[in-house]
Number of protein chains: 2
Amino acid sequence: MARIVMKFGGTSMAGIERIRNVAERVRREAEDGDEVLVVVSAMAGETDRLVQLCREAAALHDPSEYDVVVASGEQVTAGLLAMTLQNMGLEARSFMGWQLVRASGVHGNARVDAVESGLLDDALKSGTIAVIPGFQGISDEGRLATLGRGGSDTSAVAIAAGVNADRCDIYTDVDGVYTTDPRIVPRARKLDAITFEEMLELAGVGAKVLQTRSVGLAMRADLPLRVLSAFEDKPGTRVVAELSGADMERNQIAGIAADKNEARVTLTGIADAPGMVAKVISPLAEAGILVDMIVHAATPNTGSSDLTFTVPRASLAQAMAVIEQHRHEIGYSELICDDSVAKVSIVGVGIRSNPSLAATMFETLAERQINLLAVSSSEIKVSALIAEPDLDLAVRVLHTAFGLDSE
Amino acid sequence: MARIVMKFGGTSMAGIERIRNVAERVRREAEDGDEVLVVVSAMAGETDRLVQLCREAAALHDPSEYDVVVASGEQVTAGLLAMTLQNMGLEARSFMGWQLVRASGVHGNARVDAVESGLLDDALKSGTIAVIPGFQGISDEGRLATLGRGGSDTSAVAIAAGVNADRCDIYTDVDGVYTTDPRIVPRARKLDAITFEEMLELAGVGAKVLQTRSVGLAMRADLPLRVLSAFEDKPGTRVVAELSGADMERNQIAGIAADKNEARVTLTGIADAPGMVAKVISPLAEAGILVDMIVHAATPNTGSSDLTFTVPRASLAQAMAVIEQHRHEIGYSELICDDSVAKVSIVGVGIRSNPSLAATMFETLAERQINLLAVSSSEIKVSALIAEPDLDLAVRVLHTAFGLDSE
């Protein structure tokens with residue numbers, strides 16, 4: 001007998017017919033003899049409606065009152081799913097986030113500290129299916145706290161870790177994790193398995209199947225995840241600590257990530273002296289701007305150099321303002337920006353041991369005359385900054401080059 | 001400095017514009033220097049929407065899951081009102097029903113056992129306005145429990161009693177308690193004051209301004225209520241333990257109640273023997289049918305008699321079935337029913353000390369040839385069962401006869 005957490009997203013919970021479909025899935029799992037906990041999102045659109053009400057009430061609203069309002073959506077679906085399961089003749093009951101999940105940090109974006117598993121253990125041992133609203137818990141002050149948009153994934157993983165579940169299954173409106181965005185590459189392929197690290201890198205560069213926090217949490221808890229379709233009966237993608245067995249046969253590259261949310265900033269003519277990069281990056285970090293892909297190249301024997309980096313496109317105006325404020329201390333000739341850039345990345349555990357993969361990437365892009373504006377790499381990812389109009393072509397040729405195209 | 005509970009109904013909370021209007025009312029009360037608690041209903045229509053979702057999920061649903069679903073409506077409005085008050089520069093915060101209100105009994109129709117006033121005291125003493133969702137509390141098992149439809153009035157009164165408030169103001173979509181239904185008598189007059197007992201009798205016969213339970217609770221706690229318009233700035237109606245001062249000048253009759261929700265049942269030819277009434281009424285009581293206005297008159301020297309009583313119109317079919325099941329034990333000639341009857345009542349503390357008021361009622365109806373099908377009376381109420389087509393005329397002539405018409 002296994003203990004399983006099943007998590008259903010907003011699309012799966014949108015309306016009574018879909019909730020019945022979810023209940024049917026849960027019934028099958030329970031009838032397999034497993035102990036089952038279900039974590040649910042609000043009906044699709046409901047959280048947006050509640051957020052909009054808060055905005056209308058007060059442009060700048062107290063996050064703890066925001067939490068009171070938006071947490072209600074998952075409460076409704078939890079009650080509805082519990083009664084639907086009971087109506088099928090199953091033992092089921094809902095628990096509230098404030099009974100189970102201790103959260104702390106910022107209201108509206110709290111983190112899970114602990115899960116009171118005793119109450120759940122009792123229910124599960126007596127054969128009861130526990131239904132729990134995602135996205136919420138209780139703060140140290142005893143008030144409702146929400147975990148930020150997409151937080152139901154994090155709830156599910158935290159609860160799974162808290163009750164020592166054997167697995168956490170994330171049911172969503174896609175049927176698994178793909179080698180790349182199928183809108184760019186129609187021959188993109190669903191992966192049978194992916195590692196936590198690969199999933200984190202793919203999510204970080206724009207493949208939003210799972211909330212990044214939930215993947216990190218599952219990795220630390222060594223809790224296997226599965227990403228599955230809520231609507232079709234297909235195996236989905238397993239997210240695991242390490243590839244083993246048949247999964248080892250998988251391509252060394254798990255996927256190609258595309259990210260258009262990038263802008264490039266270049267400072268020319270800065271002094272070729274120690275501490276110059278810090279003088280630029282520190283004020284940006286203080287302003288909370290995420291800086292990526294830093295390239296600092298000195299022109300030999302000139303005593304001057306250029307610094308290029310990327311920031312999220314939405315932060316570009318703020319980044320330019322911060323740098324201009326510090327113009328005097330930094331001392332640069334020109335400040336140039338470009339928001340028509342994009343990042344393409346290859347992600348795979350194979351990169352760690354096989355340097356030829358990065359070389360293959362650069363050669364493939366060069367063959368198509370795609371210019372590299374900047375390059376960065378981590379242990380299992382190599383990213384290239386390119387002109388945005390080249391992005392789709394770059395993803396397609398890399399997808400083919402690394403043997404990811406489906407037959 | 002007084003401590004005031006203000007309660008706002010669903011019509012007053014329907015949308016952000018109306019919530020702003022409510023916040024303006026609360027601001028004025030707080031700026032008068034009073035300690036203010038606000039109890040809110042869900043937005044008009046929201047509870048119906050949630051109840052409908054429960055019905056769709058399962059025709060027969062677990063009341064404790066129903067409570068989880070429907071309690072969410074007031075949670076939303078409490079958060080929205082708190083942030084709206086903060087946006088006006090006031091100190092305000094929401095509390096949840098499960099933090100404050102201990103409830104027990106049946107889920108979906110629980111009663112309030114106690115209010116944890118400590119948390120509220122601290123907030124009020126620091127000048128914070130407390131906003132509380134009505135209609136809900138926490139059960140002995142630590143689960144959400146709702147108080148039944150209209151339960152926000154009961155929440156408000158229970159919380160007011162729990163924090164030793166000086167007054168509980170019920171803001172609603174009417175501007176007070178009227179001498180009768182203004183749709184029947186356009187010259188109906190708003191009462192300045194009414195006693196708890198009169199209010200209970202008026203509510204019991206169909207004047208639904210306040211939930212009956214809340215009036216009983218206020219009476220036991222000796223907590224003065226006011227019924228006021230949420231939309232107009234008018235004095236409303238005070239609900240008090242005893243009329244005093246200028247209120248003593250009020251008419252001895254507070255109002256005329258009209259109730260069309262009646263059906264008459266008559267059994268003819270039953271034995272004129274002890275225990276016959278019980279033989280009829282007991283099986284009805286066992287079936288949960290509310291029996292009212294019992295008239296049992298024996299025809300002298302015949303040994304047989306007729307029994308007439310009323311039941312709510314919705315229970316008539318069930319009542320007839322129950323009696324037919326017991327036909328053999330009861331032994332009657334004919335079973336006759338009539339659902340075209342109505343009840344008109346005069347209500348007022350004056351009835352207790354002035355028997356001529358009942359006489360005036362009967363004379364007034366007789367003058368208009370209105371036939372009395374049954375009569376019942378309590379300490380402060382006299383009711384007559386009449387043909388339904390006569391009801392409007394009866395209400396109008398009684399309203400005039402007792403000097404209730406507005407100038």
# chains A, B, ... in the order shown; residues from 1 in each chain; ligands from 1

call {"tool": "interface_residues", "arguments": {"of": "chain B", "to": "chain A", "cutoff": "9 Å", "atoms": "only C-alpha atoms", "output": "number ranges by chain"}}
result
B: 15-17, 19-20, 50, 53-54, 56-62, 64-73, 75-84, 86-87, 93-96, 99, 142-144

call {"tool": "calpha_fit_and_write", "arguments": {"fixed": "chain B", "moving": "chain A", "output": "compact mmCIF listing (two decimals) with C-alpha atoms, in the first residue's frame"}}
result
# COMPACT_ATOMS: atom_id res chain seq x y z
CA MET A 1 -17.31 55.49 24.79
CA ALA A 2 -19.69 52.79 23.69
CA ARG A 3 -18.96 49.39 22.18
CA ILE A 4 -21.09 48.85 19.07
CA VAL A 5 -21.65 45.89 16.74
CA MET A 6 -22.74 46.90 13.22
CA LYS A 7 -24.16 44.18 10.97
CA PHE A 8 -24.51 44.60 7.21
CA GLY A 9 -26.62 42.31 5.02
CA GLY A 10 -25.91 40.93 1.56
CA THR A 11 -27.51 43.78 -0.37
CA SER A 12 -25.26 46.27 1.44
CA MET A 13 -22.15 44.19 0.60
CA ALA A 14 -22.96 43.50 -3.08
CA GLY A 15 -19.92 44.92 -4.87
CA ILE A 16 -17.01 47.21 -4.07
CA GLU A 17 -19.02 50.44 -4.42
CA ARG A 18 -21.49 49.29 -1.78
CA ILE A 19 -18.70 48.01 0.46
CA ARG A 20 -17.20 51.52 0.28
CA ASN A 21 -20.57 52.92 1.38
CA VAL A 22 -20.56 50.47 4.32
CA ALA A 23 -17.00 51.52 5.19
CA GLU A 24 -18.11 55.13 5.22
CA ARG A 25 -20.85 54.27 7.77
CA VAL A 26 -18.33 52.39 9.88
CA ARG A 27 -15.89 55.29 9.72
CA ARG A 28 -18.50 57.71 11.06
CA GLU A 29 -19.29 55.39 13.96
CA ALA A 30 -15.59 54.90 14.75
CA GLU A 31 -14.89 58.63 14.56
CA ASP A 32 -17.61 59.18 17.15
CA GLY A 33 -15.13 57.48 19.49
CA ASP A 34 -16.95 54.17 19.76
CA GLU A 35 -15.31 50.74 19.74
CA VAL A 36 -16.65 49.13 16.59
CA LEU A 37 -17.09 45.52 15.47
CA VAL A 38 -18.58 44.85 12.05
CA VAL A 39 -20.32 41.59 11.11
CA VAL A 40 -20.87 41.06 7.38
CA SER A 41 -22.97 38.87 5.13
CA ALA A 42 -21.81 37.49 1.78
CA MET A 43 -22.48 39.58 -1.33
CA ALA A 44 -26.14 39.28 -2.32
CA GLY A 45 -26.55 36.23 -4.58
CA GLU A 46 -23.21 34.65 -3.59
CA THR A 47 -24.62 32.25 -0.99
CA ASP A 48 -27.29 31.16 -3.50
CA ARG A 49 -24.56 30.53 -6.08
CA LEU A 50 -22.58 28.41 -3.61
CA VAL A 51 -25.68 26.48 -2.49
CA GLN A 52 -26.44 25.76 -6.15
CA LEU A 53 -22.90 24.40 -6.69
CA CYS A 54 -23.43 22.04 -3.73
CA ARG A 55 -26.74 20.85 -5.17
CA GLU A 56 -25.10 20.17 -8.52
CA ALA A 57 -22.23 18.31 -6.87
CA ALA A 58 -24.54 16.00 -4.92
CA ALA A 59 -28.30 16.13 -4.42
CA LEU A 60 -27.86 14.81 -0.89
CA HIS A 61 -24.66 16.37 0.38
CA ASP A 62 -22.79 16.14 3.66
CA PRO A 63 -23.80 19.25 5.66
CA SER A 64 -20.25 19.64 6.97
CA GLU A 65 -18.91 19.92 3.41
CA TYR A 66 -21.79 22.26 2.53
CA ASP A 67 -20.58 24.45 5.39
CA VAL A 68 -17.04 24.50 3.98
CA VAL A 69 -18.38 25.72 0.64
CA VAL A 70 -20.96 28.30 1.71
CA ALA A 71 -18.91 29.82 4.56
CA SER A 72 -16.51 31.21 1.96
CA GLY A 73 -18.84 34.05 0.89
CA GLU A 74 -18.61 35.99 4.16
CA GLN A 75 -14.85 35.39 4.36
CA VAL A 76 -14.46 37.28 1.08
CA THR A 77 -16.55 40.30 2.15
CA ALA A 78 -14.82 40.46 5.55
CA GLY A 79 -11.39 40.71 3.89
CA LEU A 80 -12.64 43.26 1.36
CA LEU A 81 -14.25 45.47 4.00
CA ALA A 82 -11.14 45.36 6.21
CA MET A 83 -8.91 46.51 3.34
CA THR A 84 -11.42 49.20 2.34
CA LEU A 85 -11.41 50.58 5.89
CA GLN A 86 -7.59 50.51 5.97
CA ASN A 87 -7.59 52.38 2.66
CA MET A 88 -9.56 55.16 4.41
CA GLY A 89 -6.78 55.43 6.96
CA LEU A 90 -8.55 53.49 9.71
CA GLU A 91 -7.07 50.70 11.82
CA ALA A 92 -9.02 47.56 10.88
CA ARG A 93 -8.53 43.83 10.52
CA SER A 94 -10.62 40.80 9.82
CA PHE A 95 -11.08 37.85 12.15
CA MET A 96 -12.38 34.50 10.96
CA GLY A 97 -15.47 32.77 12.35
CA TRP A 98 -13.32 29.76 13.26
CA GLN A 99 -11.13 31.94 15.45
CA LEU A 100 -14.02 33.38 17.45
CA VAL A 101 -17.37 31.63 17.39
CA ARG A 102 -17.82 28.18 18.96
CA ALA A 103 -20.89 26.53 17.46
CA SER A 104 -22.59 23.20 18.00
CA GLY A 105 -25.58 21.21 16.86
CA VAL A 106 -26.42 20.40 13.28
CA HIS A 107 -24.03 21.41 10.49
CA GLY A 108 -25.77 23.88 8.19
CA ASN A 109 -27.95 25.06 11.07
CA ALA A 110 -25.63 25.23 14.08
CA ARG A 111 -26.20 27.36 17.15
CA VAL A 112 -23.68 29.65 18.81
CA ASP A 113 -22.32 28.34 22.12
CA ALA A 114 -19.67 30.90 22.95
CA VAL A 115 -17.63 33.75 21.55
CA GLU A 116 -13.88 33.93 22.27
CA SER A 117 -13.87 37.58 23.15
CA GLY A 118 -10.22 37.89 24.29
CA LEU A 119 -8.84 38.28 20.77
CA LEU A 120 -11.49 40.91 20.00
CA ASP A 121 -10.98 42.80 23.27
CA ASP A 122 -7.28 43.25 22.48
CA ALA A 123 -8.04 44.62 19.03
CA LEU A 124 -10.81 46.93 20.20
CA LYS A 125 -8.76 48.32 23.07
CA SER A 126 -5.96 49.21 20.66
CA GLY A 127 -8.46 51.15 18.54
CA THR A 128 -8.76 48.56 15.78
CA ILE A 129 -12.09 47.98 14.02
CA ALA A 130 -12.81 44.23 13.98
CA VAL A 131 -14.45 42.84 10.85
CA ILE A 132 -16.02 39.40 11.21
CA PRO A 133 -17.74 37.13 8.67
CA GLY A 134 -21.28 36.39 9.81
CA PHE A 135 -23.14 33.10 9.57
CA GLN A 136 -20.29 30.86 10.76
CA GLY A 137 -18.21 29.43 13.55
CA ILE A 138 -16.21 26.34 14.46
CA SER A 139 -17.68 23.05 15.66
CA ASP A 140 -16.52 20.92 18.59
CA GLU A 141 -14.65 18.78 16.03
CA GLY A 142 -12.77 21.85 14.81
CA ARG A 143 -14.66 22.06 11.52
CA LEU A 144 -16.41 25.00 9.88
CA ALA A 145 -20.08 25.25 10.89
CA THR A 146 -22.72 27.61 9.52
CA LEU A 147 -25.74 28.94 11.38
CA GLY A 148 -28.43 28.54 8.70
CA ARG A 149 -29.77 31.09 6.22
CA GLY A 150 -29.98 34.57 7.71
CA GLY A 151 -27.53 33.43 10.39
CA SER A 152 -25.46 36.60 10.13
CA ASP A 153 -28.04 38.40 12.31
CA THR A 154 -27.54 35.70 14.92
CA SER A 155 -23.74 35.97 14.60
CA ALA A 156 -23.94 39.71 15.14
CA VAL A 157 -26.11 39.43 18.24
CA ALA A 158 -24.07 36.54 19.69
CA ILE A 159 -20.83 38.43 19.16
CA ALA A 160 -22.35 41.60 20.63
CA ALA A 161 -23.44 39.65 23.70
CA GLY A 162 -20.02 37.92 23.89
CA VAL A 163 -18.06 41.18 23.93
CA ASN A 164 -20.59 42.97 26.18
CA ALA A 165 -21.48 45.46 23.48
CA ASP A 166 -23.77 48.33 24.36
CA ARG A 167 -25.82 47.92 21.19
CA CYS A 168 -26.13 45.90 18.02
CA ASP A 169 -27.17 47.78 14.86
CA ILE A 170 -28.60 45.71 12.03
CA TYR A 171 -28.19 47.57 8.71
CA THR A 172 -30.49 46.19 6.06
CA ASP A 173 -32.28 47.08 2.83
CA VAL A 174 -35.38 48.37 4.66
CA ASP A 175 -35.21 51.39 6.92
CA GLY A 176 -36.85 49.86 9.97
CA VAL A 177 -39.73 47.77 11.24
CA TYR A 178 -43.15 48.78 9.87
CA THR A 179 -46.63 48.55 11.36
CA THR A 180 -47.47 46.17 8.52
CA ASP A 181 -46.39 45.16 5.02
CA PRO A 182 -46.29 48.45 3.01
CA ARG A 183 -47.13 46.48 -0.14
CA ILE A 184 -50.57 45.79 1.40
CA VAL A 185 -51.02 49.09 3.23
CA PRO A 186 -49.24 52.01 1.55
CA ARG A 187 -49.90 54.09 4.67
CA ALA A 188 -47.92 51.66 6.86
CA ARG A 189 -45.71 53.54 9.30
CA LYS A 190 -42.18 52.93 10.49
CA LEU A 191 -42.03 52.24 14.23
CA ASP A 192 -39.58 54.20 16.38
CA ALA A 193 -39.48 51.41 18.92
CA ILE A 194 -40.74 47.86 19.34
CA THR A 195 -40.25 45.32 22.13
CA PHE A 196 -38.37 42.04 21.66
CA GLU A 197 -41.60 40.12 22.29
CA GLU A 198 -43.52 42.09 19.69
CA MET A 199 -40.67 41.64 17.22
CA LEU A 200 -40.70 37.88 17.83
CA GLU A 201 -44.45 37.68 17.26
CA LEU A 202 -44.27 39.83 14.13
CA ALA A 203 -41.37 37.76 12.76
CA GLY A 204 -43.17 34.53 13.61
CA VAL A 205 -46.15 35.57 11.51
CA GLY A 206 -44.24 36.66 8.46
CA ALA A 207 -42.51 40.02 9.02
CA LYS A 208 -38.97 38.94 8.17
CA VAL A 209 -36.76 41.93 8.95
CA LEU A 210 -34.62 40.08 11.48
CA GLN A 211 -33.91 36.38 11.88
CA THR A 212 -36.16 35.18 14.74
CA ARG A 213 -33.27 33.43 16.50
CA SER A 214 -31.31 36.65 16.68
CA VAL A 215 -34.21 38.47 18.37
CA GLY A 216 -34.60 35.73 20.98
CA LEU A 217 -30.87 35.84 21.64
CA ALA A 218 -30.89 39.63 22.03
CA MET A 219 -33.88 39.39 24.39
CA ARG A 220 -32.12 36.85 26.63
CA ALA A 221 -28.93 38.94 26.62
CA ASP A 222 -30.95 42.15 27.16
CA LEU A 223 -29.02 43.67 24.28
CA PRO A 224 -30.71 46.63 22.55
CA LEU A 225 -30.94 46.29 18.78
CA ARG A 226 -31.54 48.84 16.07
CA VAL A 227 -32.80 48.09 12.57
CA LEU A 228 -31.53 50.71 10.11
CA SER A 229 -31.22 51.34 6.40
CA ALA A 230 -27.75 50.68 5.00
CA PHE A 231 -28.46 53.16 2.23
CA GLU A 232 -30.22 56.10 3.88
CA ASP A 233 -29.27 58.10 6.91
CA LYS A 234 -32.45 57.62 8.98
CA PRO A 235 -32.99 56.72 12.63
CA GLY A 236 -34.54 53.26 12.01
CA THR A 237 -36.34 51.23 14.67
CA ARG A 238 -35.07 50.45 18.15
CA VAL A 239 -35.80 46.94 19.46
CA VAL A 240 -35.87 47.08 23.25
CA ALA A 241 -36.83 45.03 26.31
CA GLU A 242 -39.56 47.44 27.42
CA LEU A 243 -41.08 50.60 26.06
CA SER A 244 -40.29 53.62 28.22
CA GLY A 245 -40.38 57.38 28.07
CA ALA A 246 -41.75 58.77 24.83
CA ASP A 247 -42.13 55.26 23.40
CA MET A 248 -44.90 54.63 25.95
CA GLU A 249 -47.05 57.00 23.89
CA ARG A 250 -46.89 54.53 21.02
CA ASN A 251 -50.08 52.70 20.02
CA GLN A 252 -50.91 49.70 22.15
CA ILE A 253 -50.79 47.65 18.95
CA ALA A 254 -47.35 47.65 17.33
CA GLY A 255 -48.45 46.19 14.05
CA ILE A 256 -50.62 43.98 11.92
CA ALA A 257 -49.05 40.79 10.57
CA ALA A 258 -50.24 38.96 7.48
CA ASP A 259 -49.31 35.36 6.76
CA LYS A 260 -50.36 33.47 3.65
CA ASN A 261 -48.27 30.45 4.50
CA GLU A 262 -51.19 28.62 6.15
CA ALA A 263 -53.41 25.66 5.36
CA ARG A 264 -56.38 24.43 7.36
CA VAL A 265 -57.13 20.81 8.20
CA THR A 266 -60.47 19.67 9.67
CA LEU A 267 -61.40 16.22 10.97
CA THR A 268 -65.15 15.75 11.48
CA GLY A 269 -67.01 13.21 13.57
CA ILE A 270 -64.27 12.30 16.01
CA ALA A 271 -65.22 10.90 19.41
CA ASP A 272 -65.86 13.51 22.11
CA ALA A 273 -63.49 11.73 24.51
CA PRO A 274 -60.32 12.59 26.46
CA GLY A 275 -57.05 12.22 24.53
CA MET A 276 -58.56 12.61 21.06
CA VAL A 277 -56.64 15.82 20.24
CA ALA A 278 -53.38 14.17 21.27
CA LYS A 279 -54.13 11.20 19.00
CA VAL A 280 -54.19 13.59 16.04
CA ILE A 281 -51.48 16.05 16.99
CA SER A 282 -48.81 13.62 18.30
CA PRO A 283 -48.16 11.80 15.00
CA LEU A 284 -47.91 15.20 13.26
CA ALA A 285 -45.39 16.42 15.83
CA GLU A 286 -43.37 13.22 15.38
CA ALA A 287 -43.27 13.93 11.65
CA GLY A 288 -41.84 17.39 12.44
CA ILE A 289 -44.94 19.25 11.25
CA LEU A 290 -45.64 22.56 12.99
CA VAL A 291 -49.30 22.62 14.12
CA ASP A 292 -50.92 25.97 14.93
CA MET A 293 -54.36 27.37 15.79
CA ILE A 294 -55.94 24.22 17.16
CA VAL A 295 -59.75 24.56 17.58
CA HIS A 296 -61.64 21.70 19.11
CA ALA A 297 -65.36 22.13 19.49
CA ALA A 298 -67.69 19.42 20.66
CA THR A 299 -71.32 19.53 19.58
CA PRO A 300 -73.15 19.12 22.91
CA ASN A 301 -75.06 15.83 23.49
CA THR A 302 -73.93 14.18 20.23
CA GLY A 303 -70.80 12.47 21.63
CA SER A 304 -68.99 13.56 18.47
CA SER A 305 -66.88 16.61 17.65
CA ASP A 306 -64.80 18.39 15.00
CA LEU A 307 -61.10 19.27 15.21
CA THR A 308 -59.58 22.07 13.14
CA PHE A 309 -55.96 23.21 13.04
CA THR A 310 -53.51 24.86 10.66
CA VAL A 311 -50.17 23.69 9.30
CA PRO A 312 -47.64 25.48 7.06
CA ARG A 313 -48.87 25.23 3.49
CA ALA A 314 -45.73 23.37 2.40
CA SER A 315 -46.44 20.63 4.98
CA LEU A 316 -50.09 20.10 4.03
CA ALA A 317 -49.64 17.04 1.79
CA GLN A 318 -47.42 15.38 4.39
CA ALA A 319 -49.89 16.21 7.18
CA MET A 320 -52.79 14.65 5.24
CA ALA A 321 -50.72 11.50 4.62
CA VAL A 322 -49.78 11.18 8.30
CA ILE A 323 -53.42 11.51 9.40
CA GLU A 324 -54.63 8.99 6.83
CA GLN A 325 -52.02 6.52 8.08
CA HIS A 326 -53.53 6.88 11.56
CA ARG A 327 -57.17 6.89 10.39
CA HIS A 328 -57.92 3.67 12.21
CA GLU A 329 -56.61 4.77 15.63
CA ILE A 330 -58.14 8.26 15.40
CA GLY A 331 -61.51 7.29 13.95
CA TYR A 332 -62.90 10.26 12.05
CA SER A 333 -65.72 10.69 9.50
CA GLU A 334 -64.21 13.13 7.08
CA LEU A 335 -60.76 14.68 6.53
CA ILE A 336 -61.07 18.11 4.89
CA CYS A 337 -58.31 20.52 3.93
CA ASP A 338 -58.21 24.07 2.61
CA ASP A 339 -55.07 25.83 1.47
CA SER A 340 -56.84 29.03 0.53
CA VAL A 341 -56.69 30.45 4.05
CA ALA A 342 -54.55 33.16 5.63
CA LYS A 343 -53.76 34.44 9.10
CA VAL A 344 -54.09 38.04 10.19
CA SER A 345 -52.74 39.05 13.60
CA ILE A 346 -52.62 42.10 15.80
CA VAL A 347 -49.41 42.28 17.84
CA GLY A 348 -48.73 44.60 20.75
CA VAL A 349 -47.72 44.67 24.40
CA GLY A 350 -50.99 46.52 25.07
CA ILE A 351 -52.96 43.30 24.53
CA ARG A 352 -51.65 41.94 27.82
CA SER A 353 -53.54 44.56 29.82
CA ASN A 354 -56.38 45.60 27.53
CA PRO A 355 -58.95 42.93 26.56
CA SER A 356 -60.92 45.42 24.48
CA LEU A 357 -58.22 45.27 21.78
CA ALA A 358 -59.21 41.71 20.80
CA ALA A 359 -62.86 42.75 20.80
CA THR A 360 -62.05 45.69 18.51
CA MET A 361 -60.32 43.28 16.14
CA PHE A 362 -63.30 40.92 15.89
CA GLU A 363 -65.80 43.80 15.51
CA THR A 364 -63.73 45.41 12.77
CA LEU A 365 -63.55 42.18 10.78
CA ALA A 366 -67.28 41.49 11.36
CA GLU A 367 -68.22 44.92 9.99
CA ARG A 368 -66.58 43.95 6.70
CA GLN A 369 -68.31 40.54 6.70
CA ILE A 370 -64.98 38.74 7.09
CA ASN A 371 -65.64 35.27 8.46
CA LEU A 372 -63.39 33.85 11.22
CA LEU A 373 -62.36 30.25 10.50
CA ALA A 374 -60.31 29.96 13.68
CA VAL A 375 -58.91 32.21 16.38
CA SER A 376 -55.86 31.90 18.60
CA SER A 377 -54.16 34.24 20.97
CA SER A 378 -51.03 34.61 23.04
CA GLU A 379 -50.18 37.23 25.63
CA ILE A 380 -49.37 39.93 23.10
CA LYS A 381 -50.97 38.63 19.90
CA VAL A 382 -54.43 37.76 18.62
CA SER A 383 -54.66 35.88 15.33
CA ALA A 384 -57.64 35.13 13.13
CA LEU A 385 -57.70 32.58 10.33
CA ILE A 386 -59.72 33.92 7.37
CA ALA A 387 -60.25 33.15 3.69
CA GLU A 388 -57.15 34.18 1.74
CA PRO A 389 -59.02 36.54 -0.63
CA ASP A 390 -60.10 38.57 2.45
CA LEU A 391 -56.55 39.02 3.75
CA ASP A 392 -55.56 42.37 2.21
CA LEU A 393 -58.85 43.98 3.18
CA ALA A 394 -58.54 42.61 6.72
CA VAL A 395 -55.02 44.04 7.15
CA ARG A 396 -56.12 47.44 5.83
CA VAL A 397 -59.20 47.81 8.02
CA LEU A 398 -57.35 46.65 11.15
CA HIS A 399 -54.45 49.00 10.40
CA THR A 400 -56.91 51.89 10.29
CA ALA A 401 -58.97 50.69 13.27
CA PHE A 402 -55.92 50.60 15.54
CA GLY A 403 -54.81 54.08 14.51
CA LEU A 404 -51.67 52.92 12.72
CA ASP A 405 -52.15 54.75 9.41
CA SER A 406 -49.59 57.45 8.76
CA GLU A 407 -50.94 60.91 8.21

call {"tool": "select_by_dssp", "arguments": {"residues": "segment 55-184 of chain A", "states": "helix (DSSP H, G or I)", "output": "MDAnalysis selection string"}}
result
chainID A and resid 55:57 63:70 72:87 97:100 117:125 151:162

call {"tool": "select_by_dssp", "arguments": {"residues": "segment 223-296 of chain B", "states": "strand (DSSP E)", "output": "ChimeraX atom specification"}}
result
/B:225-229,237-240,255-271,292-296
